[in-house]
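Q: File target15.csv below, CSV, C-alpha atoms:
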```csv
chain,number,residue,atom,x,y,z
A,775,MET,CA,-44.2,25.6,13.7
A,776,ARG,CA,-40.6,24.2,13.7
A,777,ASP,CA,-39.8,26.9,16.3
A,778,THR,CA,-42.3,26.9,19.0
A,779,GLY,CA,-40.3,28.9,21.5
A,780,ARG,CA,-39.2,25.9,23.5
A,781,LEU,CA,-35.7,26.6,24.7
A,782,LYS,CA,-33.2,23.9,24.1
A,783,PRO,CA,-30.1,23.5,26.2
A,784,LEU,CA,-27.7,26.4,25.7
A,785,GLU,CA,-30.1,28.2,23.4
A,786,GLY,CA,-29.9,32.0,23.7
A,787,SER,CA,-32.7,34.1,25.0
A,788,SER,CA,-33.4,37.9,24.8
A,789,VAL,CA,-35.2,37.8,28.1
A,790,PHE,CA,-32.0,38.2,30.2
A,791,ALA,CA,-29.3,40.8,29.7
A,792,ASP,CA,-26.5,38.3,29.3
A,793,GLY,CA,-28.3,36.5,26.5
A,794,ARG,CA,-28.4,33.1,28.2
A,795,SER,CA,-31.6,31.1,28.6
A,796,ALA,CA,-30.3,28.9,31.4
A,797,ARG,CA,-29.6,30.9,34.6
A,798,PRO,CA,-26.5,30.3,36.6
A,799,PRO,CA,-27.5,28.8,39.9
A,800,VAL,CA,-27.5,31.1,43.0
A,801,PRO,CA,-24.1,30.7,44.8
A,802,GLY,CA,-24.4,27.9,47.4
A,803,THR,CA,-27.1,26.0,45.5
A,804,VAL,CA,-26.8,22.2,46.0
A,805,ALA,CA,-28.4,20.2,43.1
A,806,ARG,CA,-30.2,17.0,44.0
A,807,GLU,CA,-27.7,14.2,44.4
A,808,HIS,CA,-24.9,16.7,44.4
A,809,LEU,CA,-24.5,17.2,48.1
A,810,ARG,CA,-20.8,16.6,48.9
A,811,GLY,CA,-21.4,15.2,52.4
A,812,ASP,CA,-18.4,13.0,52.3
A,813,ALA,CA,-15.6,15.5,52.0
A,814,ALA,CA,-12.8,12.9,51.7
A,815,PHE,CA,-14.6,11.3,48.8
A,816,HIS,CA,-14.8,14.6,47.0
A,817,THR,CA,-11.4,16.1,47.8
A,818,GLY,CA,-9.1,13.1,48.2
A,819,LYS,CA,-8.0,14.5,51.5
A,820,ARG,CA,-8.9,13.8,55.2
A,821,ASP,CA,-7.7,16.2,57.8
A,822,GLY,CA,-5.3,17.8,55.3
A,823,GLN,CA,-3.7,14.4,54.5
A,824,PHE,CA,-4.1,12.7,51.1
A,825,LEU,CA,-6.1,9.5,51.3
A,826,ALA,CA,-3.8,6.5,51.0
A,827,GLU,CA,-6.6,4.2,49.8
A,828,ILE,CA,-9.5,4.5,47.3
A,829,PRO,CA,-12.6,5.0,49.4
A,830,PHE,CA,-14.5,2.0,48.0
A,831,PRO,CA,-13.6,-1.6,47.0
A,832,VAL,CA,-12.3,-1.6,43.5
A,833,THR,CA,-13.6,-4.3,41.1
A,834,ARG,CA,-12.3,-5.3,37.7
A,835,ALA,CA,-15.2,-3.4,36.1
A,836,ASP,CA,-14.1,-0.2,38.0
A,837,LEU,CA,-10.5,-0.6,36.5
A,838,GLU,CA,-11.9,-1.0,33.0
A,839,ARG,CA,-14.1,2.1,33.5
A,840,GLY,CA,-11.0,3.9,34.8
A,841,ARG,CA,-9.0,2.8,31.7
A,842,GLU,CA,-11.7,4.1,29.4
A,843,ARG,CA,-12.0,7.4,31.2
A,844,PHE,CA,-8.2,7.8,31.4
A,845,ASN,CA,-7.9,7.2,27.7
A,846,ILE,CA,-10.6,9.9,27.0
A,847,TYR,CA,-9.6,12.6,29.3
A,848,CYS,CA,-6.0,12.1,30.4
A,849,SER,CA,-4.2,10.4,27.5
A,850,PRO,CA,-4.1,13.4,25.2
A,851,CYS,CA,-1.3,14.8,27.4
A,852,HIS,CA,-0.3,11.9,29.7
A,853,ASP,CA,-0.1,9.3,26.9
A,854,ARG,CA,-1.9,6.0,27.2
A,855,THR,CA,1.1,4.5,29.1
A,856,GLY,CA,1.3,7.5,31.5
A,857,SER,CA,4.8,8.6,30.1
A,858,GLY,CA,3.7,12.2,29.8
A,859,ARG,CA,4.4,12.3,26.1
A,860,GLY,CA,0.9,12.5,24.7
A,861,MET,CA,-0.1,14.1,21.4
A,862,ILE,CA,-0.9,17.5,22.9
A,863,VAL,CA,2.5,17.6,24.6
A,864,GLN,CA,4.1,16.7,21.3
A,865,ARG,CA,2.3,19.8,19.9
A,866,GLY,CA,3.8,22.1,22.5
A,867,PHE,CA,2.0,21.7,25.8
A,868,LYS,CA,4.2,21.6,28.9
A,869,GLN,CA,5.3,18.0,29.5
A,870,PRO,CA,3.8,16.5,32.7
A,871,PRO,CA,5.9,14.2,34.8
A,872,SER,CA,5.8,10.5,34.1
A,873,TYR,CA,3.6,8.4,36.4
A,874,HIS,CA,6.6,6.0,36.5
A,875,ASP,CA,8.8,8.4,38.4
A,876,GLN,CA,9.6,7.2,41.8
A,877,ARG,CA,8.1,10.2,43.4
A,878,LEU,CA,4.7,9.5,41.8
A,879,ARG,CA,4.9,5.8,42.3
A,880,GLU,CA,5.2,6.5,46.0
A,881,ALA,CA,2.5,9.3,46.1
A,882,PRO,CA,-0.7,8.4,47.9
A,883,VAL,CA,-3.7,7.7,45.6
A,884,GLY,CA,-5.5,10.7,47.1
A,885,TYR,CA,-2.8,13.0,45.6
A,886,PHE,CA,-3.8,11.9,42.0
A,887,PHE,CA,-7.4,12.5,42.9
A,888,ASP,CA,-6.6,15.9,44.2
A,889,VAL,CA,-4.8,16.9,41.0
A,890,MET,CA,-7.7,15.8,38.8
A,891,THR,CA,-10.1,17.7,41.1
A,892,ALA,CA,-8.2,20.9,41.7
A,893,GLY,CA,-5.9,21.0,38.7
A,894,PHE,CA,-2.1,21.4,39.0
A,895,GLY,CA,0.2,23.9,37.3
A,896,VAL,CA,-1.0,24.4,33.7
A,897,MET,CA,-3.4,21.4,34.0
A,898,TYR,CA,-7.0,22.6,34.5
A,899,SER,CA,-9.4,21.0,37.0
A,900,PHE,CA,-11.4,18.1,35.5
A,901,ALA,CA,-14.0,18.1,38.3
A,902,SER,CA,-16.7,19.6,36.1
A,903,ARG,CA,-16.1,17.0,33.3
A,904,ILE,CA,-15.4,13.8,35.3
A,905,PRO,CA,-17.7,12.8,38.2
A,906,ALA,CA,-15.9,12.1,41.5
A,907,GLU,CA,-16.5,8.3,41.3
A,908,ASP,CA,-14.9,8.2,37.8
A,909,ARG,CA,-12.0,10.2,39.1
A,910,TRP,CA,-11.3,7.6,41.7
A,911,LYS,CA,-11.6,4.9,39.1
A,912,ILE,CA,-9.0,6.7,37.0
A,913,ALA,CA,-6.8,7.0,40.1
A,914,ALA,CA,-7.1,3.2,40.5
A,915,TYR,CA,-6.2,2.7,36.8
A,916,LEU,CA,-3.1,4.9,37.3
A,917,ARG,CA,-1.9,2.3,39.8
A,918,VAL,CA,-2.4,-0.4,37.2
A,919,LEU,CA,-0.3,1.6,34.7
A,920,GLN,CA,2.4,2.1,37.3
A,921,TYR,CA,2.4,-1.6,38.1
A,922,SER,CA,2.6,-2.4,34.4
A,923,GLN,CA,6.0,-0.7,34.2
A,924,HIS,CA,7.4,-1.9,37.5
A,925,ALA,CA,6.1,-5.4,37.9
A,926,PRO,CA,8.7,-8.0,39.0
A,927,LEU,CA,9.5,-10.8,36.5
A,928,SER,CA,8.1,-13.3,39.0
A,929,ALA,CA,4.6,-11.8,38.5
A,930,VAL,CA,4.5,-13.2,34.9
A,931,ALA,CA,2.2,-16.2,35.1
A,932,ASP,CA,3.4,-18.0,32.0
A,933,PRO,CA,7.2,-18.6,32.1
A,934,ALA,CA,7.2,-19.2,28.3
A,935,LEU,CA,6.7,-15.4,27.9
A,936,LEU,CA,10.0,-14.8,29.6
A,937,GLU,CA,12.0,-16.9,27.1
A,938,GLY,CA,14.5,-15.0,25.0
A,939,ARG,CA,15.1,-12.3,27.7
D,902,MET,CA,-72.8,23.1,-37.6
D,903,ALA,CA,-69.4,23.2,-39.1
D,904,GLN,CA,-66.6,21.8,-37.0
D,905,LEU,CA,-64.7,24.4,-35.0
D,906,PHE,CA,-61.3,22.7,-35.4
D,907,HIS,CA,-60.0,21.3,-38.6
D,908,PRO,CA,-58.7,17.7,-38.3
D,909,SER,CA,-55.1,19.0,-38.9
D,910,THR,CA,-55.2,20.6,-35.5
D,911,ASN,CA,-55.5,17.1,-33.8
D,912,PRO,CA,-51.8,16.8,-33.0
D,913,PHE,CA,-52.0,20.1,-31.1
D,914,SER,CA,-54.5,18.7,-28.7
D,915,LYS,CA,-52.5,15.5,-28.2
D,916,VAL,CA,-49.3,17.4,-27.6
D,917,SER,CA,-51.1,19.8,-25.2
D,918,ILE,CA,-52.5,16.9,-23.1
D,919,ALA,CA,-49.1,15.1,-23.0
D,920,GLY,CA,-47.4,18.5,-22.3
D,921,LEU,CA,-49.7,19.2,-19.4
D,922,LEU,CA,-49.0,15.8,-17.9
D,923,ALA,CA,-45.3,16.2,-18.3
D,924,LEU,CA,-45.5,19.6,-16.7
D,925,VAL,CA,-47.3,18.2,-13.6
D,926,LEU,CA,-44.8,15.3,-13.4
D,927,THR,CA,-41.8,17.6,-13.8
D,928,GLY,CA,-43.3,19.8,-11.1
D,929,LEU,CA,-43.6,16.8,-8.7
D,930,VAL,CA,-40.1,15.7,-9.4
D,931,LEU,CA,-38.7,19.2,-8.8
D,932,LEU,CA,-40.7,19.4,-5.6
D,933,PHE,CA,-39.2,16.1,-4.5
D,934,VAL,CA,-35.7,17.2,-5.4
D,935,TYR,CA,-36.2,20.5,-3.6
D,936,TRP,CA,-37.5,18.6,-0.5
D,937,ARG,CA,-34.4,16.4,-0.3
D,938,SER,CA,-32.0,19.2,-1.3
D,939,PRO,CA,-29.3,20.5,1.1
D,940,TYR,CA,-30.9,23.9,0.3
D,941,LEU,CA,-33.8,22.9,2.4
D,942,THR,CA,-32.3,20.4,4.8
D,943,GLY,CA,-29.0,22.1,5.4
D,944,GLN,CA,-27.1,18.8,5.0
D,945,SER,CA,-23.4,19.3,4.1
D,946,VAL,CA,-23.8,23.1,4.4
D,947,VAL,CA,-21.2,24.9,6.5
D,948,ARG,CA,-22.5,27.5,8.9
D,949,ALA,CA,-20.5,30.5,9.9
D,950,GLN,CA,-19.1,30.2,13.5
D,951,PRO,CA,-17.3,32.6,15.8
D,952,VAL,CA,-14.2,30.5,15.5
D,953,PRO,CA,-13.5,28.2,12.5
D,954,PHE,CA,-13.3,25.0,14.7
D,955,GLY,CA,-12.0,22.0,12.8
D,956,HIS,CA,-13.1,18.5,13.9
D,957,LYS,CA,-10.6,16.9,11.5
D,958,HIS,CA,-7.6,18.5,13.2
D,959,HIS,CA,-8.8,17.7,16.8
D,960,VAL,CA,-10.2,14.2,16.2
D,961,GLU,CA,-8.2,12.6,13.3
D,962,GLU,CA,-4.9,14.4,13.7
D,963,LEU,CA,-4.7,14.7,17.5
D,964,GLY,CA,-6.7,11.6,18.4
D,965,ILE,CA,-8.9,13.4,20.9
D,966,ASP,CA,-12.0,11.3,21.9
D,967,CYS,CA,-15.5,12.8,21.1
D,968,ARG,CA,-16.2,12.7,24.9
D,969,PHE,CA,-13.3,14.9,25.9
D,970,CYS,CA,-15.5,17.8,24.7
D,971,HIS,CA,-19.0,16.3,24.3
D,972,SER,CA,-18.8,15.0,27.9
D,973,SER,CA,-22.5,14.5,28.6
D,974,VAL,CA,-23.3,12.5,25.5
D,975,GLU,CA,-23.5,9.2,27.4
D,976,ASP,CA,-25.7,10.4,30.2
D,977,SER,CA,-27.9,13.1,28.9
D,978,ALA,CA,-30.3,13.9,26.0
D,979,TYR,CA,-27.9,16.6,24.9
D,980,ALA,CA,-24.3,15.8,23.9
D,981,GLY,CA,-23.1,19.1,25.1
D,982,ILE,CA,-21.2,21.9,23.5
D,983,PRO,CA,-18.0,22.3,25.5
D,984,PRO,CA,-17.7,25.2,27.8
D,985,THR,CA,-14.9,27.7,27.0
D,986,GLU,CA,-12.9,26.1,29.8
D,987,THR,CA,-12.6,22.9,27.8
D,988,CYS,CA,-11.1,24.8,24.9
D,989,MET,CA,-8.7,26.7,27.2
D,990,THR,CA,-7.6,23.4,28.8
D,991,CYS,CA,-5.2,23.2,25.8
D,992,HIS,CA,-5.4,26.6,24.3
D,993,SER,CA,-4.2,28.4,27.4
D,994,GLN,CA,-0.8,27.0,26.3
D,995,ILE,CA,-1.1,26.1,22.6
D,996,TRP,CA,-1.9,28.8,20.0
D,997,ALA,CA,-2.2,31.0,23.0
D,998,ASP,CA,-1.5,34.1,21.0
D,999,SER,CA,-3.4,33.2,17.8
D,1000,PRO,CA,-5.7,36.0,16.7
D,1001,MET,CA,-8.1,33.3,15.4
D,1002,LEU,CA,-8.6,32.1,19.0
D,1003,GLU,CA,-9.2,35.6,20.4
D,1004,PRO,CA,-13.0,35.1,20.7
D,1005,VAL,CA,-12.2,32.0,22.9
D,1006,ARG,CA,-9.8,33.9,25.2
D,1007,ALA,CA,-12.2,36.8,25.4
D,1008,SER,CA,-15.0,34.4,26.4
D,1009,TYR,CA,-12.8,33.0,29.1
D,1010,ARG,CA,-11.7,36.4,30.4
D,1011,THR,CA,-15.2,37.9,30.4
D,1012,ASP,CA,-17.2,34.8,31.4
D,1013,GLN,CA,-19.5,35.4,28.3
D,1014,PRO,CA,-20.3,32.2,26.4
D,1015,LEU,CA,-19.2,31.8,22.8
D,1016,ALA,CA,-22.3,32.1,20.6
D,1017,TRP,CA,-21.8,29.1,18.3
D,1018,THR,CA,-24.4,28.6,15.5
D,1019,ARG,CA,-26.4,25.4,16.1
D,1020,VAL,CA,-25.7,23.0,13.2
D,1021,HIS,CA,-28.1,20.2,14.1
D,1022,ASP,CA,-31.3,22.1,14.9
D,1023,LEU,CA,-34.2,19.7,15.2
D,1024,PRO,CA,-37.7,21.2,15.2
D,1025,ASP,CA,-38.9,22.1,18.7
D,1026,PHE,CA,-41.6,19.3,18.6
D,1027,VAL,CA,-39.0,16.6,18.3
D,1028,TYR,CA,-37.4,15.1,21.5
D,1029,PHE,CA,-34.1,13.4,20.7
D,1030,ASP,CA,-32.0,11.8,23.3
D,1031,HIS,CA,-28.3,11.1,22.7
D,1032,SER,CA,-27.7,8.9,25.7
D,1033,VAL,CA,-30.1,6.1,24.7
D,1034,HIS,CA,-28.8,5.9,21.1
D,1035,VAL,CA,-25.2,5.6,22.4
D,1036,ARG,CA,-26.3,3.0,25.0
D,1037,LYS,CA,-28.1,0.9,22.3
D,1038,GLY,CA,-25.0,0.9,20.1
D,1039,ILE,CA,-25.5,3.5,17.5
D,1040,GLY,CA,-22.2,5.0,16.5
D,1041,CYS,CA,-21.6,8.8,16.3
D,1042,ALA,CA,-20.7,8.4,12.6
D,1043,THR,CA,-24.0,6.7,11.8
D,1044,CYS,CA,-25.8,10.0,12.1
D,1045,HIS,CA,-23.1,12.6,12.1
D,1046,GLY,CA,-21.0,11.1,9.2
D,1047,ARG,CA,-17.2,11.2,9.3
D,1048,VAL,CA,-17.0,14.3,11.4
D,1049,ASP,CA,-13.4,13.3,12.0
D,1050,GLN,CA,-12.6,13.9,8.3
D,1051,THR,CA,-14.5,17.2,8.0
D,1052,ASN,CA,-12.8,20.5,8.6
D,1053,LEU,CA,-15.7,22.9,9.3
D,1054,THR,CA,-18.8,21.4,10.9
D,1055,MET,CA,-21.8,20.5,8.9
D,1056,LYS,CA,-24.8,18.2,9.2
D,1057,GLY,CA,-24.0,14.6,8.1
D,1058,ALA,CA,-27.6,13.8,7.4
D,1059,SER,CA,-30.8,15.5,6.5
D,1060,LEU,CA,-32.4,15.0,9.9
D,1061,GLN,CA,-35.7,14.7,8.2
D,1062,MET,CA,-38.4,12.5,9.7
D,1063,ILE,CA,-38.1,9.9,7.0
D,1064,TRP,CA,-34.4,9.7,7.7
D,1065,CYS,CA,-35.1,9.0,11.4
D,1066,LEU,CA,-37.8,6.4,10.5
D,1067,ASP,CA,-35.5,4.6,8.0
D,1068,CYS,CA,-33.4,3.6,11.0
D,1069,HIS,CA,-36.2,3.3,13.6
D,1070,ARG,CA,-38.1,0.7,11.3
D,1071,GLY,CA,-35.0,-1.6,11.2
D,1072,PRO,CA,-32.5,-0.4,13.9
D,1073,GLU,CA,-30.6,-3.7,13.6
D,1074,ALA,CA,-28.9,-2.5,10.5
D,1075,SER,CA,-27.0,0.2,12.3
D,1076,LEU,CA,-26.0,-1.5,15.5
D,1077,ARG,CA,-22.4,-1.9,16.7
D,1078,PRO,CA,-20.7,-3.0,19.9
D,1079,ARG,CA,-20.8,-0.4,22.7
D,1080,GLU,CA,-17.0,-0.1,22.7
D,1081,GLU,CA,-17.1,0.9,19.0
D,1082,VAL,CA,-19.7,3.7,19.3
D,1083,PHE,CA,-17.0,6.4,19.4
D,1084,ASN,CA,-14.8,4.8,16.8
D,1085,MET,CA,-15.3,7.0,13.8
D,1086,ALA,CA,-13.7,4.5,11.4
D,1087,TYR,CA,-15.7,1.4,12.5
D,1088,GLY,CA,-16.2,-0.8,9.5
D,1089,GLY,CA,-19.6,-2.2,10.4
D,1090,ALA,CA,-20.7,-5.4,12.2
D,1091,SER,CA,-21.6,-8.7,10.6
D,1092,GLU,CA,-25.2,-9.7,10.3
D,1093,GLU,CA,-24.7,-12.4,13.0
D,1094,LEU,CA,-23.2,-9.9,15.4
D,1095,ARG,CA,-25.9,-7.3,14.8
D,1096,ARG,CA,-28.5,-9.9,15.6
D,1097,GLN,CA,-26.7,-10.7,18.8
D,1098,LEU,CA,-26.4,-7.0,19.7
D,1099,ARG,CA,-30.1,-6.4,19.1
D,1100,GLU,CA,-30.7,-9.1,21.7
D,1101,GLN,CA,-28.0,-8.0,24.1
D,1102,HIS,CA,-28.8,-4.2,24.0
D,1103,GLU,CA,-32.6,-5.0,24.0
D,1104,VAL,CA,-33.1,-2.9,20.9
D,1105,GLN,CA,-36.7,-2.4,19.7
D,1106,SER,CA,-38.1,-0.9,16.6
D,1107,MET,CA,-39.7,2.4,18.0
D,1108,THR,CA,-42.1,3.8,15.4
D,1109,ASN,CA,-44.8,5.1,17.7
D,1110,CYS,CA,-45.4,8.8,17.1
D,1111,SER,CA,-44.9,9.6,20.8
D,1112,THR,CA,-41.4,8.1,20.8
D,1113,CYS,CA,-40.2,11.4,19.4
D,1114,HIS,CA,-43.2,13.7,19.6
D,1115,ARG,CA,-44.1,14.2,23.2
```
Hey, can you dump this file as structure tokens for me?

A:
Amino acid sequence: MRDTGRLKPLEGSSVFADGRSARPPVPGTVAREHLRGDAAFHTGKRDGQFLAEIPFPVTRADLERGRERFNIYCSPCHDRTGSGRGMIVQRGFKQPPSYHDQRLREAPVGYFFDVMTAGFGVMYSFASRIPAEDRWKIAAYLRVLQYSQHAPLSAVADPALLEGR
Amino acid sequence: MAQLFHPSTNPFSKVSIAGLLALVLTGLVLLFVYWRSPYLTGQSVVRAQPVPFGHKHHVEELGIDCRFCHSSVEDSAYAGIPPTETCMTCHSQIWADSPMLEPVRASYRTDQPLAWTRVHDLPDFVYFDHSVHVRKGIGCATCHGRVDQTNLTMKGASLQMIWCLDCHRGPEASLRPREEVFNMAYGGASEELRRQLREQHEVQSMTNCSTCHR
């Protein structure tokens, strides 16, 4: 009675030759709510050019979501500060460039989205693990990280914090 | 008619009655012990897997978040066993020649899934949903135990109905803030905070049969 034959996600089945119970969708299938009508939103590019701006207004909550997702999916290699010296890199993975390099500080935000979506070098694509909206929020948070390392002293609100410099 | 049993046999009857009672009681106790035993529930029993994956190494030593691999746990009933691609995200570069990881590489090459042995296998008539538990503030470790300190994966709890009900009758005792759900070492919330969280997360005591049996 514990096993009624109901198939749970990822449970095997002898019905099909490959042993899977869930069938791979027919190529070209578009799942509900998965139509990628807005190509720029899903690729980070418009007419072959990387988007220079995030395609929606970014709120504080979006940045916090971006930070959370960044820390989950990106920080193992890129480090929580974006230095590229994360734990997996310390264990032998090829070191990615720091987000604080001038080249990456000047790169359009769509470039970062494209790397997350399509992968880059030894970095795999994260498109199947992170939804497009979250990838944009991570891209937004990357800008926060970059600013955190290159903010001018005049941006410090409380002058007392600058004492002793 | 003469008596069948001499008075000296009286202790025999007394011992027999007491013995029978003791036998029934011992039987009941043994049954209960068996019912709660790992032999029956599978709690803390390591299952053979195609690759000896260690949570302790990946979570505690490397600091990888639960959601890096179990990426659907917040949005879906099922937490998700990572596809081979997730393993290969790192292992295409690290331990890339290890014979222990050959099944992973073979799976990636041939597009045949790794056949992991399910460790938490609820009866088919139970409908459990990870996402709602996560959203209400139940930590991973509350049910799965300190997976981050366990080498080979095993069940952290019996998953028997009485175990589910223990919490469903008084969910307040297990609540934690949402941002601590994936913190395996969380020390527990104060009574005051748990009362607040129950309010905030709109947690109810769900003990209706149809909550889980649909």

Q: Do you know which residues are at most 10 Å from range 793-799 of chain A counting all atoms listed in the file, after dropping those on the same chain fewer than 3 positions away, and could you put them as a count of residues only?

A: 17

Q: Can you tell me how far CA of Val952 in chain D sits from CA of Leu1015 in chain D, in Å to one decimal?

A: 8.9 Å

Q: Could you please select, counting all atoms listed in the file, the residues of chain A within 7 Å of chain D and state them as a list in words?

A: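 Those within range of chain D come out as Arg776, Asp777, Thr778, Arg780, Ile846, Tyr847, Pro850, Met861, Gly866, Phe867, Met897, Tyr898 and Arg903 of chain A.
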
Q: Have a look at CA of Gly884 in chain A and CA of Ile904 in chain A and let me know their distance in Å, one decimal.

A: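 That distance, rounded to one decimal, is 15.7 Å.
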
Q: Which residues, written as number ranges by chain, have at least one atom at most 10 Å from Asp836 in chain A, with all atoms listed in the file counted and residues fewer than 2 positions away on the same chain left out?

A: A: 831-834, 838-842, 907-908, 910-912, 914-915

Q: If you measure from CA of Arg1010 in chain D to CA of Leu1053 in chain D, what distance in Å do you get, rounded to one decimal?

A: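 Computed distance, CA of Arg1010 in chain D to CA of Leu1053 in chain D, equals 25.4 Å.
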
Q: Which residues come within 7 Å of Ala1058 in chain D, counting all atoms listed in the file, excluding same-chain residues fewer than 3 positions away, as a list in words?

A: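 My list of contacting residues is Gln944, Cys1044 and His1045 of chain D.
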
Q: If we count only C-alpha atoms and set the cut-off at 10 Å, which residues sit around Asp976 in chain D, ignoring sequence neighbours fewer than 4 positions away in its own chain? Please answer as a list in words.

A: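 Residues meeting the cut-off are Ser972, Ala980, Asp1030, His1031, Ser1032, Val1033, Val1035 and Arg1036 of chain D.
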
Q: I need the residue nearest Lys957 in chain D from this list: D:His1114, D:Arg1096, D:His1069, D:Arg1047. Use all atoms listed in the file for the distance.

A: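 Between D:His1114, D:Arg1096, D:His1069, D:Arg1047, the residue approaching Lys957 in chain D most closely is D:Arg1047.
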
Q: With only C-alpha atoms as the counted atoms, please give the residues lying no more than 10 Å from Ser1091 in chain D, apart from itself and same-chain residues fewer than 6 positions off, as an MDAnalysis selection string.

A: chainID D and resid 1074 1076:1077 1097

Q: Find the residues with any atom within 9 Å of (9.3, 10.0, 32.6); use all atoms listed in the file and the coordinates as given in the file, and write the answer as number ranges by chain.

A: A: 856-859, 870-875

Q: Nearest to Gln1061 in chain D: which of D:Ala949, D:Leu1094, D:Leu941, D:Met1001 is it, counting all atoms listed in the file?

A: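 Using all atoms listed in the file, the shortest distance to Gln1061 in chain D belongs to D:Leu941.
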
Q: For His1102 in chain D, which of D:Ser938, D:Val947, D:Val930, D:Lys1037 is the closest residue, counting all atoms listed in the file?

A: D:Lys1037

Q: Out of D:Gln1101, D:Asn1084, D:Thr1108, D:Thr985, which residue has the shortest atom-to-atom distance to Met1062 in chain D when counting all atoms listed in the file?

A: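 Closest residue, counting all atoms listed in the file: D:Thr1108.
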
Q: Could you check which of A:Ala814, A:Val863, A:Leu919, A:Cys851 is closest to Thr891 in chain A, using all atoms listed in the file?

A: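 Going through A:Ala814, A:Val863, A:Leu919, A:Cys851 one by one, the smallest distance to Thr891 in chain A is for A:Ala814.
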